[in-house]
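Visitor: Okay, so here is structure22.cif, and as you'll see once you scroll down, it has mmCIF, C-alpha atoms.
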data_target
#
loop_
_atom_site.label_atom_id
_atom_site.label_comp_id
_atom_site.auth_asym_id
_atom_site.auth_seq_id
_atom_site.Cartn_x
_atom_site.Cartn_y
_atom_site.Cartn_z
CA MET A 1 -43.14 16.65 -3.44
CA SER A 2 -45.98 14.52 -2.23
CA ALA A 3 -46.71 14.44 1.51
CA GLU A 4 -47.00 10.69 1.06
CA LEU A 5 -43.25 10.44 0.54
CA LYS A 6 -41.74 7.67 2.69
CA PRO A 7 -38.40 7.64 4.54
CA GLU A 8 -36.79 5.41 1.86
CA GLN A 9 -37.82 7.92 -0.82
CA VAL A 10 -36.25 10.74 1.17
CA VAL A 11 -33.13 8.59 1.49
CA GLN A 12 -33.06 8.15 -2.30
CA ASN A 13 -33.46 11.90 -2.82
CA LEU A 14 -30.62 12.89 -0.50
CA GLU A 15 -28.49 9.93 -1.55
CA ARG A 16 -28.66 11.00 -5.19
CA ARG A 17 -27.71 14.59 -4.31
CA ILE A 18 -24.75 13.44 -2.21
CA LEU A 19 -23.43 10.79 -4.61
CA SER A 20 -23.81 13.11 -7.62
CA GLY A 21 -21.73 15.78 -5.90
CA GLU A 22 -24.57 18.29 -5.72
CA LEU A 23 -24.06 18.17 -1.93
CA ARG A 24 -20.33 18.20 -1.10
CA ALA A 25 -18.44 16.60 1.77
CA GLY A 26 -18.54 18.88 4.79
CA GLU A 27 -21.52 20.84 3.49
CA ARG A 28 -23.98 21.65 6.23
CA LEU A 29 -27.49 20.33 5.68
CA PRO A 30 -30.72 22.12 6.61
CA THR A 31 -32.34 21.19 9.90
CA GLU A 32 -34.85 18.35 10.08
CA GLY A 33 -37.67 20.90 10.04
CA GLU A 34 -36.23 22.74 7.05
CA LEU A 35 -35.68 19.50 5.12
CA GLY A 36 -39.21 18.40 5.94
CA ALA A 37 -40.59 21.68 4.59
CA GLN A 38 -38.47 21.40 1.42
CA LEU A 39 -39.54 17.81 0.76
CA GLY A 40 -43.10 18.09 2.00
CA VAL A 41 -42.75 15.44 4.72
CA SER A 42 -42.82 15.34 8.49
CA ARG A 43 -39.76 15.72 10.72
CA THR A 44 -40.24 12.08 11.74
CA VAL A 45 -39.82 10.95 8.13
CA VAL A 46 -36.71 13.12 7.77
CA ARG A 47 -35.31 11.79 11.06
CA ASP A 48 -35.75 8.17 9.90
CA ALA A 49 -34.09 8.96 6.58
CA VAL A 50 -31.16 10.74 8.24
CA ARG A 51 -30.69 7.77 10.56
CA THR A 52 -30.32 5.50 7.52
CA LEU A 53 -27.93 7.89 5.78
CA THR A 54 -25.87 8.22 8.96
CA THR A 55 -25.57 4.44 9.22
CA ARG A 56 -24.34 4.40 5.62
CA ARG A 57 -21.78 7.12 6.46
CA LEU A 58 -23.22 9.54 3.91
CA VAL A 59 -24.41 12.00 6.55
CA ARG A 60 -22.81 12.94 9.86
CA VAL A 61 -24.63 14.48 12.82
CA ARG A 62 -22.48 16.63 15.08
CA HIS A 63 -23.69 17.72 18.50
CA GLY A 64 -24.14 21.49 18.62
CA PHE A 65 -23.54 21.81 14.88
CA GLY A 66 -26.22 19.83 13.10
CA MET A 67 -26.11 17.62 10.05
CA GLU A 68 -23.47 17.66 7.35
CA VAL A 69 -22.46 15.56 4.37
CA ALA A 70 -19.91 13.03 5.56
CA ALA A 71 -16.51 12.76 3.93
CA PRO A 72 -15.99 9.64 1.78
CA SER A 73 -14.54 6.77 3.81
CA ASP A 74 -13.55 3.21 3.02
CA LEU A 75 -13.58 2.31 6.74
CA PRO A 76 -17.15 0.88 6.81
CA ILE A 77 -16.37 -1.34 3.82
CA ALA A 78 -13.04 -2.36 5.33
CA HIS A 79 -14.82 -3.48 8.50
CA ALA A 80 -17.54 -5.20 6.48
CA LEU A 81 -15.03 -7.13 4.37
CA ALA A 82 -13.12 -8.32 7.44
CA ASP A 83 -16.39 -9.20 9.17
CA LEU A 84 -17.52 -11.20 6.12
CA LEU A 85 -14.32 -13.25 6.18
CA MET A 86 -14.67 -13.77 9.92
CA ARG A 87 -18.18 -15.12 9.52
CA ALA A 88 -17.02 -17.52 6.81
CA ASP A 89 -15.10 -20.74 7.41
CA VAL A 90 -11.85 -19.52 5.87
CA THR A 91 -8.45 -19.78 7.53
CA VAL A 92 -5.75 -17.14 7.85
CA GLY A 93 -3.82 -19.21 5.28
CA ASP A 94 -6.73 -18.91 2.84
CA VAL A 95 -6.63 -15.13 3.20
CA LEU A 96 -2.85 -14.99 2.76
CA ASP A 97 -3.12 -17.15 -0.37
CA ALA A 98 -5.75 -14.78 -1.79
CA ARG A 99 -3.55 -11.78 -1.07
CA GLU A 100 -0.58 -13.50 -2.73
CA ALA A 101 -2.59 -14.28 -5.88
CA LEU A 102 -3.76 -10.69 -6.11
CA ASP A 103 -0.31 -9.17 -5.56
CA ARG A 104 1.30 -11.53 -8.04
CA HIS A 105 -1.10 -10.45 -10.79
CA LEU A 106 -0.71 -6.77 -9.92
CA ALA A 107 3.12 -6.86 -9.85
CA PRO A 108 3.72 -6.28 -13.59
CA LEU A 109 1.36 -3.29 -13.60
CA ALA A 110 3.00 -1.78 -10.52
CA ALA A 111 6.47 -2.20 -11.99
CA ARG A 112 5.41 -0.65 -15.30
CA ASN A 113 3.49 2.32 -13.92
CA ALA A 114 5.37 3.25 -10.72
CA THR A 115 6.65 6.82 -10.56
CA GLU A 116 9.68 8.19 -8.74
CA GLU A 117 7.28 9.49 -6.10
CA ASP A 118 5.83 5.99 -5.62
CA VAL A 119 9.29 4.49 -5.21
CA SER A 120 10.40 7.24 -2.83
CA ARG A 121 7.29 6.86 -0.71
CA MET A 122 7.56 3.08 -0.51
CA THR A 123 11.25 3.38 0.38
CA ASP A 124 10.39 5.80 3.19
CA ASP A 125 7.62 3.50 4.41
CA PHE A 126 9.99 0.53 4.40
CA GLU A 127 12.60 2.44 6.39
CA ARG A 128 9.92 3.56 8.87
CA PHE A 129 8.70 -0.03 9.12
CA ALA A 130 12.21 -1.38 9.74
CA ALA A 131 13.00 1.26 12.38
CA ALA A 132 9.69 0.77 14.21
CA ALA A 133 10.05 -3.02 14.16
CA ALA A 134 13.56 -2.74 15.62
CA ALA A 135 12.32 -0.31 18.29
CA GLY A 136 9.34 -2.48 19.22
CA ASP A 137 6.83 0.20 18.25
CA ALA A 138 3.95 -2.01 17.09
CA ALA A 139 1.56 0.79 16.14
CA VAL A 140 4.03 2.56 13.84
CA ALA A 141 5.30 -0.73 12.42
CA GLN A 142 1.78 -1.83 11.53
CA ASP A 143 0.96 1.53 9.96
CA ALA A 144 4.15 1.55 7.87
CA HIS A 145 3.65 -2.09 6.88
CA LEU A 146 0.15 -1.32 5.67
CA GLU A 147 1.43 1.64 3.66
CA ILE A 148 3.95 -0.62 1.90
CA HIS A 149 1.22 -2.97 0.72
CA LEU A 150 -1.26 -0.22 -0.16
CA GLY A 151 1.55 1.63 -1.94
CA PHE A 152 1.96 -1.41 -4.14
CA VAL A 153 -1.60 -0.85 -5.43
CA ARG A 154 -1.23 2.94 -5.65
CA ALA A 155 1.80 2.48 -7.91
CA ILE A 156 -0.43 0.89 -10.54
CA HIS A 157 -2.16 4.26 -11.06
CA LEU A 158 -5.62 2.91 -11.79
CA PRO A 159 -7.75 5.17 -9.57
CA ALA A 160 -10.83 2.95 -9.59
CA LEU A 161 -8.77 -0.12 -8.66
CA ASP A 162 -7.12 1.86 -5.86
CA LEU A 163 -10.53 2.75 -4.45
CA MET A 164 -11.83 -0.80 -4.85
CA LEU A 165 -8.87 -2.36 -3.03
CA LYS A 166 -8.48 0.20 -0.23
CA PRO A 167 -11.09 -1.62 1.89
CA MET A 168 -8.63 -4.52 2.03
CA ALA A 169 -6.65 -2.47 4.56
CA GLU A 170 -8.15 -4.23 7.56
CA VAL A 171 -7.73 -7.67 5.99
CA ILE A 172 -4.06 -6.86 5.27
CA LEU A 173 -3.52 -5.69 8.84
CA LEU A 174 -5.23 -8.66 10.45
CA SER A 175 -3.55 -11.26 8.26
CA SER A 176 -0.17 -9.65 8.97
CA VAL A 177 -0.23 -9.73 12.78
CA ARG A 178 2.70 -11.49 14.35
CA PRO A 179 1.92 -15.01 15.61
CA ALA A 180 4.38 -14.32 18.44
CA PRO A 181 5.94 -11.15 19.92
CA ASP A 182 9.37 -12.19 18.59
CA PRO A 183 10.81 -9.16 16.70
CA ALA A 184 11.90 -11.52 13.92
CA ARG A 185 8.23 -12.14 13.13
CA TRP A 186 7.95 -8.69 11.58
CA GLU A 187 9.77 -10.32 8.63
CA VAL A 188 11.33 -7.01 7.63
CA ASP A 189 13.81 -8.63 5.23
CA SER A 190 11.03 -10.25 3.19
CA HIS A 191 9.73 -6.77 2.33
CA ARG A 192 13.06 -5.37 1.14
CA PRO A 193 12.98 -7.13 -2.27
CA LEU A 194 9.53 -5.67 -2.95
CA VAL A 195 10.92 -2.16 -2.64
CA GLU A 196 14.08 -2.95 -4.61
CA ALA A 197 12.17 -4.56 -7.48
CA LEU A 198 9.76 -1.64 -7.68
CA ARG A 199 12.71 0.75 -7.75
CA ALA A 200 14.16 -1.23 -10.68
CA ARG A 201 10.76 -1.20 -12.48
CA ASP A 202 11.33 -4.93 -13.02
CA GLY A 203 8.01 -6.76 -13.27
CA GLY A 204 9.59 -10.21 -13.19
CA ALA A 205 11.69 -9.38 -10.14
CA LEU A 206 8.68 -7.86 -8.42
CA GLY A 207 6.68 -11.03 -9.07
CA HIS A 208 9.49 -13.11 -7.57
CA ALA A 209 9.65 -10.72 -4.59
CA VAL A 210 5.93 -11.25 -4.00
CA ASP A 211 6.44 -15.04 -4.16
CA HIS A 212 9.36 -14.82 -1.74
CA HIS A 213 7.47 -12.60 0.69
CA PHE A 214 4.52 -14.96 0.96
CA SER A 215 6.71 -18.09 0.94
CA VAL A 216 8.27 -16.80 4.16
CA LEU A 217 4.76 -16.76 5.63
CA ARG A 218 4.43 -20.44 4.74
CA GLY A 219 7.37 -21.33 6.99
CA GLY A 220 7.03 -23.57 10.01
CA ALA A 221 6.76 -20.63 12.39
CA TYR A 222 3.43 -19.78 10.77
CA ASP A 223 1.84 -23.24 10.63
CA ARG A 224 -0.52 -22.71 13.55
CA PHE A 225 -1.24 -19.13 12.53
CA ARG A 226 -2.17 -20.14 8.97
CA ALA A 227 -4.35 -23.02 10.17
CA ALA A 228 -6.39 -20.79 12.50
CA ARG A 229 -9.80 -19.59 11.38
CA PHE A 230 -9.73 -15.96 10.35
CA ARG A 231 -12.38 -15.23 12.99
CA GLU A 232 -9.94 -16.31 15.70
CA LEU A 233 -8.01 -13.08 15.10
CA LEU A 234 -10.77 -11.38 17.10
CA ASP A 235 -8.94 -12.68 20.17
CA HIS A 236 -5.50 -11.58 19.00
CA ARG A 237 -3.76 -9.25 21.43
CA GLU A 238 -3.33 -6.59 18.72
CA PHE A 239 -6.89 -6.67 17.33
CA ALA A 240 -8.05 -3.53 19.18
CA LEU A 241 -4.82 -1.74 18.22
CA LEU A 242 -5.37 -2.54 14.55
CA ARG A 243 -8.98 -1.40 14.40
CA GLY A 244 -7.98 1.73 16.32
CA LEU A 245 -5.26 2.35 13.75
CA LEU A 246 -7.76 2.17 10.90
CA THR A 247 -10.12 4.54 12.70
CA SER A 248 -7.38 7.11 13.29
CA ARG A 249 -6.26 6.86 9.66
CA ALA A 250 -9.84 7.42 8.49
CA ALA A 251 -10.19 10.44 10.80
CA ALA A 252 -6.94 11.92 9.49
CA ALA A 253 -8.06 11.42 5.88
CA GLU A 254 -11.40 13.07 6.64
CA ALA A 255 -9.68 16.05 8.30
CA SER A 256 -7.49 16.55 5.23
CA LEU A 257 -10.48 17.05 2.92
#
Taking this structure as input, can you express it in the form of structure tokens?

Guide:
Amino acid sequence: MSAELKPEQVVQNLERRILSGELRAGERLPTEGELGAQLGVSRTVVRDAVRTLTTRRLVRVRHGFGMEVAAPSDLPIAHALADLLMRADVTVGDVLDAREALDRHLAPLAARNATEEDVSRMTDDFERFAAAAAAGDAAVAQDAHLEIHLGFVRAIHLPALDLMLKPMAEVILLSSVRPAPDPARWEVDSHRPLVEALRARDGGALGHAVDHHFSVLRGGAYDRFRAARFRELLDHREFALLRGLLTSRAAAAEASL
């Protein structure tokens, strides 16, 4: 390779090798000096390229270990999507309406393609959600609630769609926070028909369950919440908890690879 290679060209070289699967998640990379020798560039050029790849979560640098290929993660995109909505002028109601439209169109596919494993998992998640809500365990309730809604997409069994919609996790969490600490605001009963309709593999019933679930969130108790700008959720008492939950989920997924 030419010694005139620039950091962005080194980025492209390593990026292609990582995205193509030539370099696998968890695979240890050569040192900066070794990479420089392989590519015919200085350590400074390699260091700049690695900094870019680290920011993009393609490479991870571990103290005392060195550089390795990072595990795939939807967390950066999840944060970016939530940040994009926060920087826009949309309301929480706008986000809930978008989620409703998406779920309504996905309902027939979920009902048609759901497996026994999907139904069993969503049932377990619902029961965990209901128990945590009753016990006042916000962290577990939020995690189980998220799994219910992500499970809805998983049941469709379109792998690319699953990957494309996973980054909505943070948007789902933030737009599902309780407007008040009242246990009733977990709205557990509005989730039950979703599980029952999926169990029955009834697309029409699942569509009605989606409509019912989001109609509950249009009730008077949610007027102020829906009218708030999405960016105002930055000040919500559970914001740090929710982002921490996503981070811990991402870490657990990475450890399982």

Visitor: Give me, please, the distance in Å between CA of Thr54 in chain A and CA of Asp74 in chain A, quoted to one decimal.

Guide: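 Atom-to-atom, CA of Thr54 in chain A to CA of Asp74 in chain A, that is 14.6 Å.
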
Visitor: Distance CA of Leu85 in chain A-CA of Pro167 in chain A, one decimal place?

Guide: 12.8 Å

Visitor: Using all atoms listed in the file, which residues sit within 12 Å of Lys6 in chain A once same-chain residues fewer than 2 positions away are excluded, as a PDB file with C-alpha atoms, keeping the file's coordinate frame?

Guide:
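Written file, part.pdb:
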ATOM      1  CA  MET A   1     -43.140  16.650  -3.440  1.00  0.00           C
ATOM      2  CA  SER A   2     -45.980  14.520  -2.230  1.00  0.00           C
ATOM      3  CA  ALA A   3     -46.710  14.440   1.510  1.00  0.00           C
ATOM      4  CA  GLU A   4     -47.000  10.690   1.060  1.00  0.00           C
ATOM      5  CA  GLU A   8     -36.790   5.410   1.860  1.00  0.00           C
ATOM      6  CA  GLN A   9     -37.820   7.920  -0.820  1.00  0.00           C
ATOM      7  CA  VAL A  10     -36.250  10.740   1.170  1.00  0.00           C
ATOM      8  CA  VAL A  11     -33.130   8.590   1.490  1.00  0.00           C
ATOM      9  CA  GLN A  12     -33.060   8.150  -2.300  1.00  0.00           C
ATOM     10  CA  ASN A  13     -33.460  11.900  -2.820  1.00  0.00           C
ATOM     11  CA  GLY A  36     -39.210  18.400   5.940  1.00  0.00           C
ATOM     12  CA  LEU A  39     -39.540  17.810   0.760  1.00  0.00           C
ATOM     13  CA  GLY A  40     -43.100  18.090   2.000  1.00  0.00           C
ATOM     14  CA  VAL A  41     -42.750  15.440   4.720  1.00  0.00           C
ATOM     15  CA  SER A  42     -42.820  15.340   8.490  1.00  0.00           C
ATOM     16  CA  ARG A  43     -39.760  15.720  10.720  1.00  0.00           C
ATOM     17  CA  THR A  44     -40.240  12.080  11.740  1.00  0.00           C
ATOM     18  CA  VAL A  45     -39.820  10.950   8.130  1.00  0.00           C
ATOM     19  CA  VAL A  46     -36.710  13.120   7.770  1.00  0.00           C
ATOM     20  CA  ARG A  47     -35.310  11.790  11.060  1.00  0.00           C
ATOM     21  CA  ASP A  48     -35.750   8.170   9.900  1.00  0.00           C
ATOM     22  CA  ALA A  49     -34.090   8.960   6.580  1.00  0.00           C
TER      23      ALA A  49
END

Visitor: Using only C-alpha atoms, can you tell me which of A:His63, A:Arg16, A:His157, A:Lys166 comes closest to Leu246 in chain A?

Guide: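 Residue with the minimum atom-to-atom distance to Leu246 in chain A: A:Lys166.
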
Visitor: Counting only C-alpha atoms, which of A:Met67, A:Val188, A:Leu58, A:Leu161 gets nearest to Glu34 in chain A?

Guide: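 Looking at the shortest contact to Glu34 in chain A, the residue is A:Met67.
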
Visitor: Selected by the PyMOL selection byres ((chain A and resi 99) around 10) in the shown coordinates: which residues, as an MDAnalysis selection string?

Guide: chainID A and resid 93:98 100:104 168 171:172 175 210 214

Visitor: Using only C-alpha atoms for the distances, tell me which of A:Ala251, A:Leu163, A:Ala197, A:Val90 is nearest to Ala227 in chain A.

Guide: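 Nearest candidate to Ala227 in chain A out of A:Ala251, A:Leu163, A:Ala197, A:Val90: A:Val90.
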
Visitor: Applying the PyMOL selection byres ((chain A and resi 212) around 12) to the file I just gave you, which residues come out? Please list them as a ChimeraX atom specification.

Guide: /A:100,103-104,187,189-194,205-211,213-219

Visitor: Can you list what the PyMOL selection byres ((chain A and resi 144) around 8) grabs from this structure, as a PyMOL selection string?

Guide: chain A and resi 125-126+128-129+140-143+145-148

Visitor: Have a look at CA of Pro7 in chain A and CA of Leu53 in chain A and let me know their distance in Å, one decimal.

Guide: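 Computing the Euclidean distance for CA of Pro7 in chain A and CA of Leu53 in chain A yields 10.5 Å.
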
Visitor: Compare A:Val153, A:Ala133, A:Val119, A:Val177 by their minimum atom-to-atom distance to His105 in chain A, counting all atoms listed in the file, and give me the closest one.

Guide: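 Between A:Val153, A:Ala133, A:Val119, A:Val177, the residue approaching His105 in chain A most closely is A:Val153.
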
Visitor: From the options A:Val69, A:Leu165, A:Arg229, A:Gly136, which residue's atoms come nearest to Glu15 in chain A, counting all atoms listed in the file?

Guide: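 Distance minimum relative to Glu15 in chain A lands on A:Val69.
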
Visitor: Smallest atom-to-atom distance to Gly66 in chain A: which of A:Glu32, A:Gly203, A:Ala82, A:Arg121, using all atoms listed in the file?

Guide: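 Of A:Glu32, A:Gly203, A:Ala82, A:Arg121, the one nearest Gly66 in chain A is A:Glu32, counting all atoms listed in the file.
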
Visitor: Tell me, as a PDB file with C-alpha atoms, keeping the file's coordinate frame, which residues lie within 12 Å of Glu117 in chain A, counting only C-alpha atoms; anything in the same chain fewer than 6 positions away does not count.

Guide:
ATOM      1  CA  THR A 123      11.250   3.380   0.380  1.00  0.00           C
ATOM      2  CA  ASP A 124      10.390   5.800   3.190  1.00  0.00           C
ATOM      3  CA  GLY A 151       1.550   1.630  -1.940  1.00  0.00           C
ATOM      4  CA  ARG A 154      -1.230   2.940  -5.650  1.00  0.00           C
ATOM      5  CA  ALA A 155       1.800   2.480  -7.910  1.00  0.00           C
ATOM      6  CA  HIS A 157      -2.160   4.260 -11.060  1.00  0.00           C
ATOM      7  CA  LEU A 198       9.760  -1.640  -7.680  1.00  0.00           C
ATOM      8  CA  ARG A 199      12.710   0.750  -7.750  1.00  0.00           C
TER       9      ARG A 199
END

Visitor: Need the axis-aligned box for range 40-59 of chain A with 6 Å each side, so what are the centre and edges in Å to one decimal, as AutoDock Vina command-line options?

Guide:
--center_x -32.4 --center_y 11.2 --center_z 6.9 --size_x 33.3 --size_y 25.7 --size_z 21.7

Visitor: Saving range 3-80 of chain A with C-alpha atoms, as a PDB file, in the first residue's frame, what would that file be?

Guide:
ATOM      1  CA  ALA A   3       2.720   5.486   2.159  1.00  0.00           C
ATOM      2  CA  GLU A   4       0.477   8.332   1.048  1.00  0.00           C
ATOM      3  CA  LEU A   5      -2.561   6.501   2.401  1.00  0.00           C
ATOM      4  CA  LYS A   6      -4.715   8.801   4.548  1.00  0.00           C
ATOM      5  CA  PRO A   7      -6.608   7.973   7.765  1.00  0.00           C
ATOM      6  CA  GLU A   8      -9.954   7.801   5.906  1.00  0.00           C
ATOM      7  CA  GLN A   9      -8.468   5.251   3.496  1.00  0.00           C
ATOM      8  CA  VAL A  10      -7.263   3.147   6.402  1.00  0.00           C
ATOM      9  CA  VAL A  11     -10.761   3.429   7.870  1.00  0.00           C
ATOM     10  CA  GLN A  12     -12.227   2.158   4.589  1.00  0.00           C
ATOM     11  CA  ASN A  13      -9.776  -0.754   4.522  1.00  0.00           C
ATOM     12  CA  LEU A  14     -10.526  -1.922   8.063  1.00  0.00           C
ATOM     13  CA  GLU A  15     -14.217  -1.117   7.737  1.00  0.00           C
ATOM     14  CA  ARG A  16     -14.528  -3.368   4.695  1.00  0.00           C
ATOM     15  CA  ARG A  17     -12.737  -6.222   6.474  1.00  0.00           C
ATOM     16  CA  ILE A  18     -14.968  -5.898   9.545  1.00  0.00           C
ATOM     17  CA  LEU A  19     -18.280  -5.495   7.716  1.00  0.00           C
ATOM     18  CA  SER A  20     -17.484  -8.349   5.315  1.00  0.00           C
ATOM     19  CA  GLY A  21     -16.822 -10.696   8.226  1.00  0.00           C
ATOM     20  CA  GLU A  22     -13.159 -11.179   7.386  1.00  0.00           C
ATOM     21  CA  LEU A  23     -12.461  -9.762  10.863  1.00  0.00           C
ATOM     22  CA  ARG A  24     -14.894 -11.244  13.405  1.00  0.00           C
ATOM     23  CA  ALA A  25     -16.393  -9.727  16.538  1.00  0.00           C
ATOM     24  CA  GLY A  26     -14.002 -10.191  19.443  1.00  0.00           C
ATOM     25  CA  GLU A  27     -11.015 -10.799  17.170  1.00  0.00           C
ATOM     26  CA  ARG A  28      -7.904  -9.093  18.450  1.00  0.00           C
ATOM     27  CA  LEU A  29      -6.336  -6.608  16.052  1.00  0.00           C
ATOM     28  CA  PRO A  30      -2.607  -6.043  15.552  1.00  0.00           C
ATOM     29  CA  THR A  31      -1.012  -3.173  17.443  1.00  0.00           C
ATOM     30  CA  GLU A  32      -0.892   0.302  15.920  1.00  0.00           C
ATOM     31  CA  GLY A  33       2.718  -0.315  14.905  1.00  0.00           C
ATOM     32  CA  GLU A  34       1.913  -3.671  13.329  1.00  0.00           C
ATOM     33  CA  LEU A  35      -1.070  -2.243  11.441  1.00  0.00           C
ATOM     34  CA  GLY A  36       1.059   0.656  10.249  1.00  0.00           C
ATOM     35  CA  ALA A  37       3.676  -1.762   8.928  1.00  0.00           C
ATOM     36  CA  GLN A  38       1.014  -3.886   7.197  1.00  0.00           C
ATOM     37  CA  LEU A  39      -0.628  -0.880   5.550  1.00  0.00           C
ATOM     38  CA  GLY A  40       2.501   1.141   4.907  1.00  0.00           C
ATOM     39  CA  VAL A  41       1.426   4.142   7.006  1.00  0.00           C
ATOM     40  CA  SER A  42       2.551   5.819  10.197  1.00  0.00           C
ATOM     41  CA  ARG A  43       1.240   4.977  13.660  1.00  0.00           C
ATOM     42  CA  THR A  44      -0.354   8.434  13.731  1.00  0.00           C
ATOM     43  CA  VAL A  45      -2.441   7.601  10.665  1.00  0.00           C
ATOM     44  CA  VAL A  46      -3.472   4.273  12.216  1.00  0.00           C
ATOM     45  CA  ARG A  47      -4.317   5.990  15.513  1.00  0.00           C
ATOM     46  CA  ASP A  48      -6.581   8.511  13.742  1.00  0.00           C
ATOM     47  CA  ALA A  49      -8.301   5.720  11.824  1.00  0.00           C
ATOM     48  CA  VAL A  50      -8.828   3.625  14.957  1.00  0.00           C
ATOM     49  CA  ARG A  51     -10.303   6.648  16.722  1.00  0.00           C
ATOM     50  CA  THR A  52     -12.892   6.954  13.934  1.00  0.00           C
ATOM     51  CA  LEU A  53     -13.680   3.231  13.985  1.00  0.00           C
ATOM     52  CA  THR A  54     -14.012   3.308  17.772  1.00  0.00           C
ATOM     53  CA  THR A  55     -16.487   6.179  17.554  1.00  0.00           C
ATOM     54  CA  ARG A  56     -18.492   4.125  15.061  1.00  0.00           C
ATOM     55  CA  ARG A  57     -18.415   1.141  17.458  1.00  0.00           C
ATOM     56  CA  LEU A  58     -16.639  -1.087  14.939  1.00  0.00           C
ATOM     57  CA  VAL A  59     -13.457  -1.315  17.013  1.00  0.00           C
ATOM     58  CA  ARG A  60     -13.041  -1.439  20.780  1.00  0.00           C
ATOM     59  CA  VAL A  61      -9.882  -0.513  22.669  1.00  0.00           C
ATOM     60  CA  ARG A  62      -9.427  -2.275  26.001  1.00  0.00           C
ATOM     61  CA  HIS A  63      -6.843  -1.106  28.508  1.00  0.00           C
ATOM     62  CA  GLY A  64      -4.154  -3.742  28.981  1.00  0.00           C
ATOM     63  CA  PHE A  65      -5.511  -5.834  26.113  1.00  0.00           C
ATOM     64  CA  GLY A  66      -5.330  -3.750  22.969  1.00  0.00           C
ATOM     65  CA  MET A  67      -7.699  -3.373  20.062  1.00  0.00           C
ATOM     66  CA  GLU A  68     -10.401  -5.801  19.035  1.00  0.00           C
ATOM     67  CA  VAL A  69     -13.332  -5.910  16.644  1.00  0.00           C
ATOM     68  CA  ALA A  70     -16.387  -4.689  18.521  1.00  0.00           C
ATOM     69  CA  ALA A  71     -19.518  -6.807  18.738  1.00  0.00           C
ATOM     70  CA  PRO A  72     -22.468  -5.548  16.658  1.00  0.00           C
ATOM     71  CA  SER A  73     -24.688  -3.199  18.667  1.00  0.00           C
ATOM     72  CA  ASP A  74     -27.844  -1.254  17.921  1.00  0.00           C
ATOM     73  CA  LEU A  75     -27.254   0.997  20.957  1.00  0.00           C
ATOM     74  CA  PRO A  76     -25.528   3.850  19.054  1.00  0.00           C
ATOM     75  CA  ILE A  77     -28.366   3.941  16.513  1.00  0.00           C
ATOM     76  CA  ALA A  78     -30.959   3.742  19.288  1.00  0.00           C
ATOM     77  CA  HIS A  79     -29.404   6.785  20.965  1.00  0.00           C
ATOM     78  CA  ALA A  80     -29.100   8.585  17.632  1.00  0.00           C
TER      79      ALA A  80
END
